[in-house]
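Structure file protein_14.txt with compact mmCIF, C-alpha atoms:
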```txt
# COMPACT_ATOMS: atom_id res chain seq x y z
CA MET G 784 77.80 36.97 166.07
CA ALA G 785 79.74 38.96 168.55
CA ALA G 786 80.52 41.44 165.84
CA VAL G 787 76.87 41.69 164.93
CA ALA G 788 75.87 42.14 168.54
CA SER G 789 78.43 44.83 169.02
CA CYS G 790 77.26 46.46 165.82
CA GLY G 791 73.67 46.33 166.99
CA SER G 792 74.54 47.84 170.32
CA GLY G 793 76.52 50.49 168.51
CA ALA G 794 73.50 51.28 166.36
CA GLY G 795 71.32 51.49 169.44
CA SER G 796 73.75 53.87 171.10
CA THR G 797 73.92 55.91 167.93
CA GLY G 798 70.13 56.09 167.77
CA SER G 799 69.91 57.16 171.40
CA ALA G 800 72.59 59.77 170.78
CA VAL G 801 70.62 61.12 167.81
CA ALA G 802 67.44 61.20 169.87
CA THR G 803 69.25 63.00 172.66
CA ALA G 804 70.71 65.48 170.20
CA SER G 805 67.32 66.05 168.61
CA LYS G 806 65.78 66.76 172.00
CA SER G 807 68.52 69.18 172.93
CA ASN G 808 68.61 70.85 169.53
CA VAL G 809 65.39 72.83 169.87
CA THR G 810 64.63 76.49 169.62
CA SER G 811 64.63 78.81 172.60
CA PHE G 812 60.87 79.26 172.20
CA GLN G 813 60.30 75.51 172.67
CA ARG G 814 62.63 75.28 175.66
CA ARG G 815 60.70 77.91 177.59
CA GLY G 816 57.32 76.32 176.83
CA PRO G 817 57.40 73.23 179.10
CA ARG G 818 58.77 75.18 182.06
CA ALA G 819 56.06 77.83 181.70
CA SER G 820 53.20 75.36 181.40
CA GLY G 821 54.53 72.71 183.75
CA THR G 822 53.78 69.82 181.35
CA ASN G 823 55.89 67.26 179.54
CA ASP G 824 57.23 67.51 176.02
CA SER G 825 54.08 66.02 174.50
CA GLY G 826 51.86 68.73 176.03
CA PRO G 827 51.29 72.31 174.96
CA ARG G 828 54.30 74.56 174.76
CA LEU G 829 52.73 77.60 176.43
CA VAL G 830 50.05 78.27 179.01
CA SER G 831 46.72 77.90 177.22
CA ILE G 832 44.39 80.57 178.62
CA ALA G 833 41.39 82.03 176.83
CA GLY G 834 41.91 85.60 175.70
CA THR G 835 45.72 85.41 175.72
CA ARG G 836 48.43 84.90 173.14
CA PRO G 837 52.24 84.89 173.14
CA SER G 838 54.17 87.88 171.90
CA VAL G 839 55.92 87.41 168.57
CA ARG G 840 58.89 89.39 169.88
CA ASN G 841 59.78 87.71 173.17
CA GLY G 842 57.18 85.03 173.83
CA GLN G 843 55.65 87.01 176.71
CA LEU G 844 52.00 86.16 177.40
CA LEU G 845 49.72 89.02 176.31
CA VAL G 846 46.14 90.07 177.05
CA SER G 847 44.08 92.57 175.10
CA THR G 848 43.37 96.05 176.45
CA GLY G 849 39.90 96.01 174.90
CA LEU G 850 40.98 98.33 172.08
CA PRO G 851 42.58 96.48 169.12
CA ALA G 852 44.18 99.70 167.88
CA LEU G 853 45.86 100.21 171.26
CA ASP G 854 47.00 96.58 171.30
CA GLN G 855 48.77 97.17 168.00
CA LEU G 856 50.53 100.25 169.35
CA LEU G 857 51.76 98.31 172.40
CA GLY G 858 53.29 95.52 170.34
CA GLY G 859 50.36 93.10 170.35
CA GLY G 860 48.73 93.68 173.73
CA LEU G 861 49.34 94.18 177.44
CA ALA G 862 51.94 91.78 178.83
CA ILE G 863 51.13 89.69 181.87
CA GLY G 864 52.75 91.12 185.00
CA THR G 865 52.85 94.73 183.78
CA VAL G 866 51.16 98.01 184.73
CA LEU G 867 49.37 100.22 182.20
CA LEU G 868 49.08 103.81 183.44
CA ILE G 869 46.54 106.09 181.75
CA GLU G 870 46.95 109.80 182.35
CA GLU G 871 43.39 111.06 182.59
CA ASP G 872 42.13 113.82 180.34
CA LYS G 873 41.34 117.14 181.97
CA TYR G 874 37.62 116.54 182.47
CA ASN G 875 37.87 112.73 182.88
CA ILE G 876 35.53 111.98 179.98
CA TYR G 877 37.45 109.58 177.77
CA SER G 878 39.80 107.80 180.20
CA PRO G 879 36.94 105.95 181.96
CA LEU G 880 35.97 104.44 178.60
CA LEU G 881 39.43 102.88 178.17
CA PHE G 882 39.21 101.64 181.75
CA LYS G 883 35.85 99.99 181.11
CA CYS G 884 36.92 98.42 177.82
CA PHE G 885 39.76 96.69 179.66
CA LEU G 886 37.32 95.26 182.21
CA ALA G 887 34.76 94.30 179.58
CA GLU G 888 37.42 92.38 177.66
CA GLY G 889 38.10 90.39 180.81
CA ILE G 890 34.43 89.47 181.24
CA VAL G 891 34.09 88.36 177.62
CA ASN G 892 37.12 86.07 177.94
CA GLY G 893 36.18 84.72 181.37
CA HIS G 894 39.05 86.37 183.26
CA THR G 895 38.83 87.22 186.95
CA LEU G 896 38.37 90.94 187.67
CA LEU G 897 39.49 93.06 190.60
CA VAL G 898 38.00 96.56 190.46
CA ALA G 899 39.20 99.19 192.95
CA SER G 900 37.82 102.70 193.25
CA ALA G 901 37.47 105.45 195.83
CA LYS G 902 34.81 107.35 193.90
CA GLU G 903 32.32 104.84 192.51
CA ASP G 904 31.09 101.46 193.69
CA PRO G 905 32.72 98.68 191.60
CA ALA G 906 29.30 97.04 191.16
CA ASN G 907 28.05 100.21 189.44
CA ILE G 908 31.17 100.33 187.26
CA LEU G 909 30.48 96.82 185.98
CA GLN G 910 26.90 97.77 185.13
CA GLU G 911 28.22 100.55 182.86
CA LEU G 912 30.64 98.41 180.84
CA PRO G 913 30.19 98.68 177.05
CA ALA G 914 28.62 95.81 175.12
CA PRO G 915 30.91 93.65 172.96
CA LEU G 916 30.31 93.35 169.22
CA LEU G 917 30.14 89.60 168.77
CA ASP G 918 27.07 88.59 166.73
CA ASP G 919 25.96 89.36 163.18
CA ASN G 920 23.62 92.16 164.20
CA SER G 921 26.43 93.90 166.05
CA LYS G 922 28.67 93.57 163.00
CA LYS G 923 26.01 95.25 160.87
CA GLU G 924 25.77 98.10 163.38
CA PHE G 925 29.56 98.38 163.35
CA ASP G 926 29.54 98.59 159.56
CA GLU G 927 26.86 101.28 159.67
CA ASP G 928 28.87 103.29 162.19
CA VAL G 929 31.98 102.98 160.04
CA TYR G 930 29.97 103.95 156.97
CA ASN G 931 28.93 107.21 158.61
CA HIS G 932 32.60 108.16 159.11
CA LYS G 933 34.26 106.59 156.07
CA THR G 934 34.09 106.93 152.32
CA PRO G 935 32.22 104.27 150.31
CA GLU G 936 35.50 102.66 149.16
CA SER G 937 36.88 102.30 152.65
CA ASN G 938 33.48 101.01 153.81
CA ILE G 939 33.65 98.15 151.31
CA LYS G 940 37.11 97.17 152.53
CA MET G 941 35.93 97.22 156.14
CA LYS G 942 33.00 94.93 155.33
CA ILE G 943 35.29 92.47 153.57
CA ALA G 944 37.64 92.42 156.56
CA TRP G 945 34.83 91.76 159.02
CA ARG G 946 33.35 89.06 156.78
CA TYR G 947 36.50 86.98 157.10
CA GLN G 948 37.01 87.35 160.83
CA LEU G 949 34.37 84.70 161.68
CA LEU G 950 33.31 86.18 164.99
CA PRO G 951 31.53 83.74 167.37
CA LYS G 952 27.89 84.02 168.34
CA MET G 953 26.83 85.76 171.53
CA GLU G 954 26.01 83.23 174.22
CA ILE G 955 25.27 83.42 177.93
CA GLY G 956 28.75 82.33 179.00
CA PRO G 957 32.01 83.99 177.99
CA VAL G 958 33.00 81.54 175.25
CA SER G 959 34.81 83.78 172.78
CA SER G 960 38.37 82.72 171.96
CA ARG G 961 39.18 85.73 169.78
CA PHE G 962 41.93 88.06 170.95
CA GLY G 963 40.63 91.59 171.23
CA HIS G 964 37.08 92.77 170.63
CA TYR G 965 35.32 95.95 169.61
CA TYR G 966 32.80 97.50 171.99
CA ASP G 967 29.65 99.53 171.50
CA ALA G 968 29.80 102.56 173.80
CA SER G 969 26.08 103.22 173.33
CA LYS G 970 25.00 99.88 174.84
CA ARG G 971 25.67 98.08 178.10
CA ILE G 972 27.12 94.62 178.54
CA PRO G 973 24.46 91.89 179.02
CA GLN G 974 23.59 91.17 182.62
CA GLU G 975 24.09 87.44 182.02
CA LEU G 976 27.78 87.96 181.34
CA ILE G 977 28.24 89.95 184.56
CA GLU G 978 26.45 87.31 186.63
CA ALA G 979 28.55 84.53 185.11
CA SER G 980 31.83 86.38 185.74
CA ASN G 981 34.13 86.15 188.75
CA TRP G 982 34.94 89.61 190.07
CA HIS G 983 36.07 91.25 193.30
CA GLY G 984 35.33 94.83 194.29
CA PHE G 985 37.28 97.23 196.48
CA PHE G 986 35.32 100.35 197.42
CA LEU G 987 37.50 102.52 199.67
CA PRO G 988 34.74 104.13 201.80
CA GLU G 989 33.54 100.64 202.77
CA LYS G 990 37.02 99.36 203.63
CA ILE G 991 38.14 102.21 205.89
CA SER G 992 36.09 103.47 208.79
CA SER G 993 36.46 106.83 210.48
CA THR G 994 37.44 105.16 213.78
CA LEU G 995 40.27 103.13 212.26
CA LYS G 996 43.55 103.55 214.12
CA VAL G 997 46.49 103.45 211.71
CA GLU G 998 50.06 103.04 212.85
CA PRO G 999 52.61 105.53 211.52
CA CYS G 1000 53.60 104.34 208.04
CA SER G 1001 54.85 105.78 204.79
CA LEU G 1002 51.73 104.53 202.98
CA THR G 1003 48.25 105.97 203.32
CA PRO G 1004 45.61 103.70 204.90
CA GLY G 1005 43.83 103.36 201.55
CA TYR G 1006 46.94 102.12 199.79
CA ILE G 1007 47.71 99.63 202.58
CA LYS G 1008 44.20 98.18 202.48
CA LEU G 1009 44.28 97.90 198.69
CA LEU G 1010 47.65 96.13 198.64
CA GLN G 1011 46.46 93.66 201.27
CA PHE G 1012 43.27 93.04 199.29
CA ILE G 1013 45.18 92.42 196.04
CA GLN G 1014 47.67 90.13 197.77
CA ASN G 1015 44.89 88.06 199.34
CA ILE G 1016 43.08 87.59 196.03
CA ILE G 1017 46.30 86.58 194.23
CA SER G 1018 47.22 84.10 196.96
CA GLU G 1019 43.79 82.61 197.67
CA GLU G 1020 42.87 82.00 194.03
CA GLY G 1021 46.30 80.72 193.05
CA PHE G 1022 47.36 83.39 190.58
CA ASP G 1023 50.89 83.36 192.04
CA GLY G 1024 51.32 79.60 191.61
CA SER G 1025 51.71 78.90 195.34
CA ASN G 1026 48.28 77.26 195.47
CA PRO G 1027 47.77 75.62 192.06
CA GLN G 1028 44.28 76.11 190.79
CA LYS G 1029 42.21 72.94 190.43
CA LYS G 1030 40.35 74.33 187.47
CA GLN G 1031 41.78 75.76 184.27
CA ARG G 1032 44.38 78.46 184.82
CA ASN G 1033 43.11 82.00 184.52
CA VAL G 1034 44.27 85.62 184.41
CA LEU G 1035 43.54 88.31 186.99
CA ARG G 1036 42.71 91.73 185.54
CA ILE G 1037 43.18 94.54 188.06
CA GLY G 1038 41.61 97.94 187.47
CA ILE G 1039 42.33 100.89 189.80
CA GLN G 1040 40.44 104.13 189.17
CA ASN G 1041 41.61 107.69 189.97
CA LEU G 1042 44.72 106.56 191.85
CA GLY G 1043 46.56 109.45 193.50
CA SER G 1044 43.47 111.64 193.83
CA PRO G 1045 42.50 113.17 197.20
CA LEU G 1046 39.76 110.53 197.48
CA TRP G 1047 42.48 107.95 198.18
CA GLY G 1048 43.81 110.08 201.06
CA ASP G 1049 46.79 111.30 199.06
CA ASP G 1050 47.83 114.94 199.10
CA ILE G 1051 50.06 115.05 196.01
CA CYS G 1052 47.27 116.83 194.12
CA CYS G 1053 46.82 119.43 196.85
CA ALA G 1054 50.38 120.51 197.67
CA GLU G 1055 53.72 120.44 195.93
CA ASN G 1056 55.56 119.01 198.94
CA GLY G 1057 52.94 117.09 200.89
CA SER G 1058 53.43 114.79 203.84
CA ASN G 1059 52.63 111.74 201.69
CA SER G 1060 54.73 112.62 198.67
CA HIS G 1061 56.35 109.14 198.57
CA SER G 1062 53.24 107.14 199.36
CA LEU G 1063 52.12 106.72 195.74
CA THR G 1064 55.53 105.67 194.43
CA LYS G 1065 55.96 103.09 197.20
CA PHE G 1066 52.51 101.72 196.44
CA LEU G 1067 53.42 101.27 192.76
CA TYR G 1068 56.71 99.64 193.73
CA VAL G 1069 54.96 97.02 195.88
CA LEU G 1070 52.21 96.54 193.29
CA ARG G 1071 54.73 95.76 190.56
CA GLY G 1072 56.31 93.16 192.81
CA LEU G 1073 52.94 91.42 193.19
CA LEU G 1074 52.25 91.54 189.46
CA ARG G 1075 55.66 90.22 188.43
CA THR G 1076 55.12 86.99 190.35
CA SER G 1077 51.52 86.28 189.28
CA LEU G 1078 49.31 85.79 186.25
CA SER G 1079 47.84 89.27 186.43
CA ALA G 1080 47.79 92.58 184.58
CA CYS G 1081 46.83 96.00 185.90
CA ILE G 1082 45.41 99.20 184.44
CA ILE G 1083 45.49 102.44 186.45
CA THR G 1084 43.93 105.80 185.68
CA MET G 1085 45.58 108.78 187.36
CA PRO G 1086 44.85 112.55 187.25
CA THR G 1087 48.45 113.54 186.54
CA HIS G 1088 47.37 117.04 185.46
CA LEU G 1089 46.47 117.72 189.10
CA ILE G 1090 49.80 116.58 190.59
CA GLN G 1091 51.72 119.66 191.69
CA ASN G 1092 55.22 118.18 191.88
CA LYS G 1093 56.55 117.18 188.45
CA ALA G 1094 59.24 115.03 190.07
CA ILE G 1095 56.51 112.72 191.37
CA ILE G 1096 55.13 112.36 187.85
CA ALA G 1097 58.59 111.34 186.62
CA ARG G 1098 58.92 108.71 189.37
CA VAL G 1099 55.44 107.37 188.67
CA THR G 1100 56.32 107.06 184.99
CA ASN G 1101 59.49 105.12 185.80
CA LEU G 1102 57.55 102.73 188.04
CA SER G 1103 54.98 102.03 185.32
CA ASP G 1104 55.58 99.74 182.37
CA ILE G 1105 53.30 101.53 179.91
CA VAL G 1106 52.24 105.18 180.12
CA ILE G 1107 49.55 106.65 177.87
CA GLY G 1108 48.33 110.24 178.07
CA LEU G 1109 44.97 111.52 176.86
CA GLU G 1110 44.68 115.16 175.83
CA SER G 1111 41.11 116.24 175.22
CA PHE G 1112 40.21 119.20 173.01
CA ILE G 1113 37.36 120.21 175.32
CA GLY G 1114 37.96 123.68 176.72
CA SER G 1115 40.99 124.33 174.50
CA GLU G 1116 41.50 126.36 171.34
CA ARG G 1117 41.69 123.20 169.28
CA GLU G 1118 38.04 122.44 169.99
CA THR G 1119 36.95 125.21 167.60
CA ASN G 1120 39.89 124.84 165.25
CA PRO G 1121 38.66 123.47 161.88
CA LEU G 1122 41.92 121.55 161.49
CA TYR G 1123 40.90 119.19 164.32
CA LYS G 1124 37.18 118.99 163.63
CA ASP G 1125 37.32 115.23 162.95
CA TYR G 1126 38.95 114.36 166.30
CA HIS G 1127 38.17 114.72 169.98
CA GLY G 1128 41.71 114.71 171.34
CA LEU G 1129 45.29 113.49 171.11
CA ILE G 1130 46.77 110.33 172.59
CA HIS G 1131 50.41 110.29 173.66
CA ILE G 1132 52.39 107.05 173.99
CA ARG G 1133 54.87 108.22 176.60
CA GLN G 1134 56.38 104.84 177.45
CA ILE G 1135 56.06 101.27 176.24
CA PRO G 1136 57.30 98.21 178.17
CA ARG G 1137 60.94 97.21 178.32
CA LEU G 1138 60.50 93.48 178.75
CA ASN G 1139 63.76 91.53 178.99
CA ASN G 1140 65.63 94.66 177.93
CA LEU G 1141 67.81 97.19 179.68
CA ILE G 1142 66.38 100.18 177.84
CA CYS G 1143 62.88 101.33 177.10
CA ASP G 1144 61.57 101.26 173.55
CA GLU G 1145 60.06 104.38 172.05
CA SER G 1146 57.05 104.44 169.81
CA ASP G 1147 57.73 105.43 166.22
CA VAL G 1148 54.27 106.94 165.87
CA LYS G 1149 54.02 110.35 167.54
CA ASP G 1150 50.95 111.86 165.88
CA LEU G 1151 47.96 109.92 167.20
CA ALA G 1152 44.44 111.19 167.74
CA PHE G 1153 41.27 109.63 169.09
CA LYS G 1154 37.61 110.22 168.46
CA LEU G 1155 34.45 108.85 169.98
CA LYS G 1156 32.04 108.01 167.21
CA ARG G 1157 28.40 107.22 167.70
CA LYS G 1158 29.33 103.81 169.11
CA LEU G 1159 33.06 103.25 168.86
CA PHE G 1160 36.16 104.74 170.43
CA THR G 1161 38.88 104.73 167.78
CA ILE G 1162 42.56 105.66 167.66
CA GLU G 1163 43.85 106.92 164.34
CA ARG G 1164 46.86 108.57 162.79
CA LEU G 1165 46.44 112.33 162.89
CA HIS G 1166 46.20 113.62 159.33
CA LEU G 1167 45.91 117.37 159.04
CA PRO G 1168 43.90 118.49 156.00
CA PRO G 1169 45.63 120.50 153.25
CA ASP G 1170 45.06 124.24 153.15
CA LEU G 1171 43.03 124.39 149.93
CA SER G 1172 40.19 126.69 150.89
CA ASP G 1173 40.08 130.38 151.68
CA THR G 1174 37.86 129.88 154.71
CA VAL G 1175 40.72 128.98 157.03
CA SER G 1176 41.76 132.01 159.04
CA ARG G 1177 45.30 133.14 159.55
CA SER G 1178 45.19 132.03 163.17
CA SER G 1179 44.26 128.52 162.02
CA LYS G 1180 47.19 128.52 159.61
CA GLN G 1181 49.51 129.51 162.41
CA ASP G 1182 48.06 126.75 164.58
CA LEU G 1183 48.76 124.32 161.75
CA ALA G 1184 52.37 125.39 161.59
CA GLU G 1185 52.85 125.19 165.34
CA SER G 1186 51.08 121.83 165.59
CA THR G 1187 53.22 120.30 162.87
CA LYS G 1188 56.31 121.42 164.74
CA ARG G 1189 55.10 119.78 167.96
CA LEU G 1190 53.88 116.57 166.38
CA GLY G 1191 57.26 115.61 164.97
CA PRO G 1192 58.45 114.12 161.68
CA GLY G 1193 55.45 111.82 161.39
CA CYS G 1194 53.16 114.70 160.47
CA GLY G 1195 55.20 116.81 158.12
CA MET G 1196 57.40 118.85 160.44
CA MET G 1197 59.58 121.31 158.61
CA ALA G 1198 63.31 121.26 159.21
CA GLY G 1199 63.40 124.86 160.35
CA GLY G 1200 61.25 127.94 160.47
CA LYS G 1201 57.55 128.41 161.13
CA LYS G 1202 56.31 127.98 157.58
CA HIS G 1203 53.98 125.08 156.88
CA LEU G 1204 53.76 123.01 153.77
CA ASP G 1205 51.63 124.55 151.02
CA PHE G 1206 49.77 122.27 148.64
```
Please lay out the structure from this file as structure tokens.
Amino acid sequence: MAAVASCGSGAGSTGSAVATASKSNVTSFQRRGPRASGTNDSGPRLVSIAGTRPSVRNGQLLVSTGLPALDQLLGGGLAIGTVLLIEEDKYNIYSPLLFKCFLAEGIVNGHTLLVASAKEDPANILQELPAPLLDDNSKKEFDEDVYNHKTPESNIKMKIAWRYQLLPKMEIGPVSSRFGHYYDASKRIPQELIEASNWHGFFLPEKISSTLKVEPCSLTPGYIKLLQFIQNIISEEGFDGSNPQKKQRNVLRIGIQNLGSPLWGDDICCAENGSNSHSLTKFLYVLRGLLRTSLSACIITMPTHLIQNKAIIARVTNLSDIVIGLESFIGSERETNPLYKDYHGLIHIRQIPRLNNLICDESDVKDLAFKLKRKLFTIERLHLPPDLSDTVSRSSKQDLAESTKRLGPGCGMMAGGKKHLDF
């Protein structure tokens, strides 16, 4: 009996050892889950927040930028705790649309918004957000818009793809669980969605009075007020984890418009060596510190083409996680060039995030173009048409050769010389 008892105890110890080994022998993805969500092993592995998903590369929590094509270029979406910098186009026509799609995606998914601007009242910005394509009628309109720009064969494929996506119905509350939506630029977001959303506005003229006495500091008064406002929202609503939220955890989407312009009290666009040349970079440094320790993501539009000192642009790029430049054809020779008649401008992926890495990844796709259709803003691979007709002038042929040299190997760059590929 003693032998049996000892054998039974040995079996029990063996079973406990196997259980212990099975618990410890888990993947790295499963080990990070409980610590991130703060639950036990039987609970969810990651933070479950509407409109988010984990990255397939490093498990980082992602949110959509409001443009599925841009999400794909960024590796699945915008990572929580990062800054997306958009270099505005020359006439500031297309960059506000990307800014508004980011905010509209937050309203559809029920995220908290923080909109900061020195030019336009945040309440007016929300009223101009594009309408999401969620119901069957919107899908039909999307198919019609695609049909006007695609061939019949590609139109059939697009309809089949949309038929299997099972988009939810439009309701009063933001109930969609789909990651990334398409938006109709010709319509405005329903007023019911704006009223049901939680948003905070920062309008610089209302925050700073003319009689305000500011102590000597390396930051402009507008930047100081904005940082204090962002810090208060993150702390009061528990996005930093210091005050756990009683309700379901949420994401803070921060949108800052025209940062660095003279409207913010910065002089980097007026002089090459201004008195506040380091104010913008210090602001971005502090902002990144706030984002890294909170469930928040930020998008910033900046008129970099107006900044006189190129060294400041380099420092701003280094302090941003993602940098995207928009180059519009308006006012340039490419606007009348028949080679670019199907596009409205070029998009440059200057920097993508280096999460948990020592070096920054570089995008493999260099030749990207965008166009604003009747309803949709799309990003596509730039395909130059073959020179088959006699109507193309010699200047256009030279532009083709020069453009293929600048675009890189993704668009047929020749190894040497100025000759272009003849078909």
Smallest atom-to-atom distance to Gly1021 in chain G: which of G:Gly1005, G:Ser1079, G:Leu976, G:Arg961, using all atoms listed in the file?
->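 Among the listed residues, the smallest separation from Gly1021 in chain G belongs to G:Ser1079.
Taking CA of Leu1009 in chain G and CA of Lys990 in chain G as the two end points, the separation is 8.9 Å.
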Could you give me, as a PyMOL selection string, the residues that sit within 12 Å of (52.1, 104.1, 182.2) in the file's coordinates, counting all atoms listed in the file?
-> chain G and resi 857+861+865-871+1067+1081-1085+1087+1096-1109+1131-1137
For the residues selected in the previous step, produce a file with C-alpha atoms as a compact mmCIF listing (two decimals), in the frame of the given file.
```
# COMPACT_ATOMS: atom_id res chain seq x y z
CA LEU G 857 51.76 98.31 172.40
CA LEU G 861 49.34 94.18 177.44
CA THR G 865 52.85 94.73 183.78
CA VAL G 866 51.16 98.01 184.73
CA LEU G 867 49.37 100.22 182.20
CA LEU G 868 49.08 103.81 183.44
CA ILE G 869 46.54 106.09 181.75
CA GLU G 870 46.95 109.80 182.35
CA GLU G 871 43.39 111.06 182.59
CA LEU G 1067 53.42 101.27 192.76
CA CYS G 1081 46.83 96.00 185.90
CA ILE G 1082 45.41 99.20 184.44
CA ILE G 1083 45.49 102.44 186.45
CA THR G 1084 43.93 105.80 185.68
CA MET G 1085 45.58 108.78 187.36
CA THR G 1087 48.45 113.54 186.54
CA ILE G 1096 55.13 112.36 187.85
CA ALA G 1097 58.59 111.34 186.62
CA ARG G 1098 58.92 108.71 189.37
CA VAL G 1099 55.44 107.37 188.67
CA THR G 1100 56.32 107.06 184.99
CA ASN G 1101 59.49 105.12 185.80
CA LEU G 1102 57.55 102.73 188.04
CA SER G 1103 54.98 102.03 185.32
CA ASP G 1104 55.58 99.74 182.37
CA ILE G 1105 53.30 101.53 179.91
CA VAL G 1106 52.24 105.18 180.12
CA ILE G 1107 49.55 106.65 177.87
CA GLY G 1108 48.33 110.24 178.07
CA LEU G 1109 44.97 111.52 176.86
CA HIS G 1131 50.41 110.29 173.66
CA ILE G 1132 52.39 107.05 173.99
CA ARG G 1133 54.87 108.22 176.60
CA GLN G 1134 56.38 104.84 177.45
CA ILE G 1135 56.06 101.27 176.24
CA PRO G 1136 57.30 98.21 178.17
CA ARG G 1137 60.94 97.21 178.32
```
Nearest to Arg1032 in chain G: which of G:Thr1161, G:Ser831, G:Ser838, G:Gln1011 is it, counting all atoms listed in the file?
->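 Checking each of G:Thr1161, G:Ser831, G:Ser838, G:Gln1011 against Arg1032 in chain G, counting all atoms listed in the file, the winner is G:Ser831.
Distances to Ile1016 in chain G were evaluated for G:Leu1035, G:Asn841, G:Ala1054, G:Gly859 using only C-alpha atoms, and the minimum falls at G:Leu1035.
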Range 966-969 of chain G surroundings by only C-alpha atoms, 8 Å radius, close-in-sequence under 4 positions cut, as a PyMOL selection string = chain G and resi 849+884+913-916+1157-1160
Rank G:Lys883, G:His1061, G:His894, G:Lys1149 by their smallest atom-to-atom distance to Phe1022 in chain G, using all atoms listed in the file, and report the top residue only.
->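 Answer, going by the shortest atom-to-atom distance: G:His894.
Using all atoms listed in the file, the nearest neighbour of Ile1090 in chain G within the list G:Pro1121, G:Gly858, G:Gly1043, G:Gly1114 is G:Gly1043.
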Kindly give the distance, in Å, that separates CA of Trp982 in chain G and CA of Glu903 in chain G, rounded to a single decimal.
->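 Going from CA of Trp982 in chain G over to CA of Glu903 in chain G covers 15.6 Å.
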Have range 1092-1108 of chain G completed to N, CA and C atoms, please, and pass it along as a compact mmCIF listing (two decimals), in the coordinates of the input.
```txt
# COMPACT_ATOMS: atom_id res chain seq x y z
N ASN G 1092 53.78 118.42 191.99
CA ASN G 1092 55.22 118.18 191.88
C ASN G 1092 55.51 117.35 190.64
N LYS G 1093 56.23 117.90 189.68
CA LYS G 1093 56.55 117.18 188.45
C LYS G 1093 57.54 116.05 188.69
N ALA G 1094 58.31 116.13 189.76
CA ALA G 1094 59.24 115.03 190.07
C ALA G 1094 58.49 113.76 190.42
N ILE G 1095 57.32 113.89 191.05
CA ILE G 1095 56.51 112.72 191.37
C ILE G 1095 55.98 112.08 190.10
N ILE G 1096 55.61 112.90 189.12
CA ILE G 1096 55.13 112.36 187.85
C ILE G 1096 56.24 111.56 187.16
N ALA G 1097 57.47 112.06 187.23
CA ALA G 1097 58.59 111.34 186.62
C ALA G 1097 58.83 110.00 187.32
N ARG G 1098 58.72 109.97 188.65
CA ARG G 1098 58.92 108.71 189.37
C ARG G 1098 57.79 107.74 189.10
N VAL G 1099 56.58 108.24 188.99
CA VAL G 1099 55.44 107.37 188.67
C VAL G 1099 55.60 106.77 187.28
N THR G 1100 56.09 107.56 186.35
CA THR G 1100 56.32 107.06 184.99
C THR G 1100 57.37 105.96 184.99
N ASN G 1101 58.44 106.13 185.75
CA ASN G 1101 59.49 105.12 185.80
C ASN G 1101 59.01 103.83 186.45
N LEU G 1102 58.06 103.92 187.37
CA LEU G 1102 57.55 102.73 188.04
C LEU G 1102 56.43 102.05 187.27
N SER G 1103 56.00 102.63 186.17
CA SER G 1103 54.98 102.03 185.32
C SER G 1103 55.64 101.43 184.08
N ASP G 1104 55.04 100.38 183.57
CA ASP G 1104 55.58 99.74 182.37
C ASP G 1104 55.13 100.45 181.10
N ILE G 1105 53.86 100.84 181.07
CA ILE G 1105 53.30 101.53 179.91
C ILE G 1105 52.60 102.78 180.40
N VAL G 1106 52.86 103.90 179.75
CA VAL G 1106 52.24 105.18 180.12
C VAL G 1106 51.61 105.78 178.87
N ILE G 1107 50.31 106.06 178.97
CA ILE G 1107 49.55 106.65 177.87
C ILE G 1107 48.84 107.88 178.40
N GLY G 1108 48.97 108.99 177.68
CA GLY G 1108 48.33 110.24 178.07
C GLY G 1108 47.22 110.61 177.11
```
